[in-house]
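**Student:** Can you keep this structure in mind? I'll have questions shortly.
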Amino acid sequence: MTPFAHPAVPSAVAESLRATWDHLARPGASWSGAERVAIAAAAREARGGETGDTDLPAAAREAAELLGARPGSARREWVERITADLGDPRFVELVAIVSRLVAVDTFVEALSVEHEPLPGPADGDPTGEIDHRARRGAAWVPMVGGASITQSLSLVPSENAELERFHGPMYMTFAEMEDPGFRRGLHRPQMELVAARTSAFNECFY
Amino acid sequence: MVSHVGMLSWSAEQTNTPVDLRAVTDPAVDPLMPGGAVLLAFTDAVLTGAAIPAAAAAVIDRLGGDAPAAAAGVIANFQMMNRVADGTGMPLGKGSRLRQAEVIAALGLDRFDHQDER
């Protein structure tokens, strides 16, 4: 039995986690499947997980390690230095990969289930799919339509879509967030108490 | 954090749920919310990796068998969203900052605002 198939993992969430792993393994906009899995391995290792194949550019490894283990220490100057090396699209895609890797690992850790082995990378070249409407505004990376958390990864449309897809089964959909009485296992105020405490632990002001 | 302290305050008010917002940042404060204390203990256990099974058992005792997975989903989602916000330098909008000014001051949340630090 794989960790995602463990009885402690609700079936709807397990399906979402498998979709996340499939997405991770495929070529992205700027990174190959092998590079994406290597970024995930670097983030997992930085959090004290298994050591993996992390043959990556130094800036990518540094970014995966910091965002994986110490996200609250990210500063504008650091992001500017990393994006000067990697470019905005590769950095945004890396943020997406690391953030979801940590989310998936945290979920199974919370249920005392082992980490799912990282997927084998799919063959193929990066797609090059970038939204050229994205502009640099109040945030540190370009976004479509101005700085907004729902558009945070919009420079790389496939990653912004994956963020929204993942958000639904783990927490609630963007539309469901309008409902103060939402309930799924917990009542909405209980969910927000957990969300706020998580953000406090991560020292995330937003 | 400010966004979800705001959503916590809003959802609690809309559902007549008691809450002491100071519990978000001060472990010594009782959150007042039904099940709130065990949920905070579970969240802390997951994020520090300490005594997770005992904390999960307390959540099950207080809130039922589905609650740990539900809480795990929320924690996981915000492990993601916090990294996205911090990595992309997502600013808190002026409107949100104004609406939440009292809470930001009361909880001392400005100490986490690194938007303009270099």
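Naming scheme: A, B, ... for chains in displayed order of the structure tokens; residues 1 onward per chain; ligands 1 onward as shown.
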Determine, counting only C-alpha atoms, which protein, DNA and RNA residues have an atom within 12 Å of an atom of B:Gln100; residues of the same chain fewer than 5 positions away are not included. Present the result as a ChimeraX atom specification.
**Tutor:** /A:206 /B:1-10,92-95,105-110
**Student:** As a list in words, please: the residues near A:Ala46 (cut-off 9 Å, only C-alpha atoms, same-chain neighbours under 6 positions excluded).
**Tutor:**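 The residues satisfying every condition are Ala64, Glu65, Leu66, Gly68 and Ala69 of chain A.
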**Student:** Can you pull out every residue within 10 Å of A:Trp78, counting only C-alpha atoms, but drop anything in the same chain fewer than 4 positions away, and send it as a list in words?
**Tutor:**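 Surrounding residues, per the criterion: Ala63, Ser73, Ala74, Ile82, Thr83 and Ala84 of chain A; Gly87 and Arg118 of chain B.
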**Student:** Just write the chosen residues, C-alpha atoms, as a short mmCIF file (atom, residue, chain, number, x, y, z; two decimals), in the first residue's frame.
**Tutor:**
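Wrote it out as again09.cif, contents follow:
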```
data_model
loop_
_atom_site.label_atom_id
_atom_site.label_comp_id
_atom_site.auth_asym_id
_atom_site.auth_seq_id
_atom_site.Cartn_x
_atom_site.Cartn_y
_atom_site.Cartn_z
CA ALA A 63 15.48 28.66 -3.25
CA SER A 73 12.92 34.45 5.98
CA ALA A 74 12.29 35.30 2.30
CA ILE A 82 17.39 34.45 -7.19
CA THR A 83 15.21 35.72 -10.06
CA ALA A 84 18.19 37.54 -11.59
CA GLY B 87 7.95 33.63 -2.12
CA ARG B 118 15.62 44.20 1.79
#
```
**Student:** Select residues of chain B: the criterion is any atom within 6 Å of an atom of chain A, counting only C-alpha atoms; output as a list of chain:residue names.
**Tutor:**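 Selected residues: B:Met1, B:Val2, B:His4, B:Val5, B:Leu8, B:Ser11, B:Ala12, B:Val24, B:Val46, B:Asp66, B:Ala67, B:Ala70, B:Ala72, B:Gly73, B:Val74, B:Ala76, B:Asn77, B:Gln79, B:Met80, B:Asn82, B:Arg83, B:Thr88, B:Gly89, B:Met90, B:Leu92, B:Phe112, B:Asp113, B:Arg118.
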**Student:** Considering only C-alpha atoms, can you say which of B:Gln14, B:Gln115, B:Ala71, B:Phe78 comes closest to B:Pro91?
**Tutor:**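 Nearest candidate to B:Pro91 out of B:Gln14, B:Gln115, B:Ala71, B:Phe78: B:Gln115.
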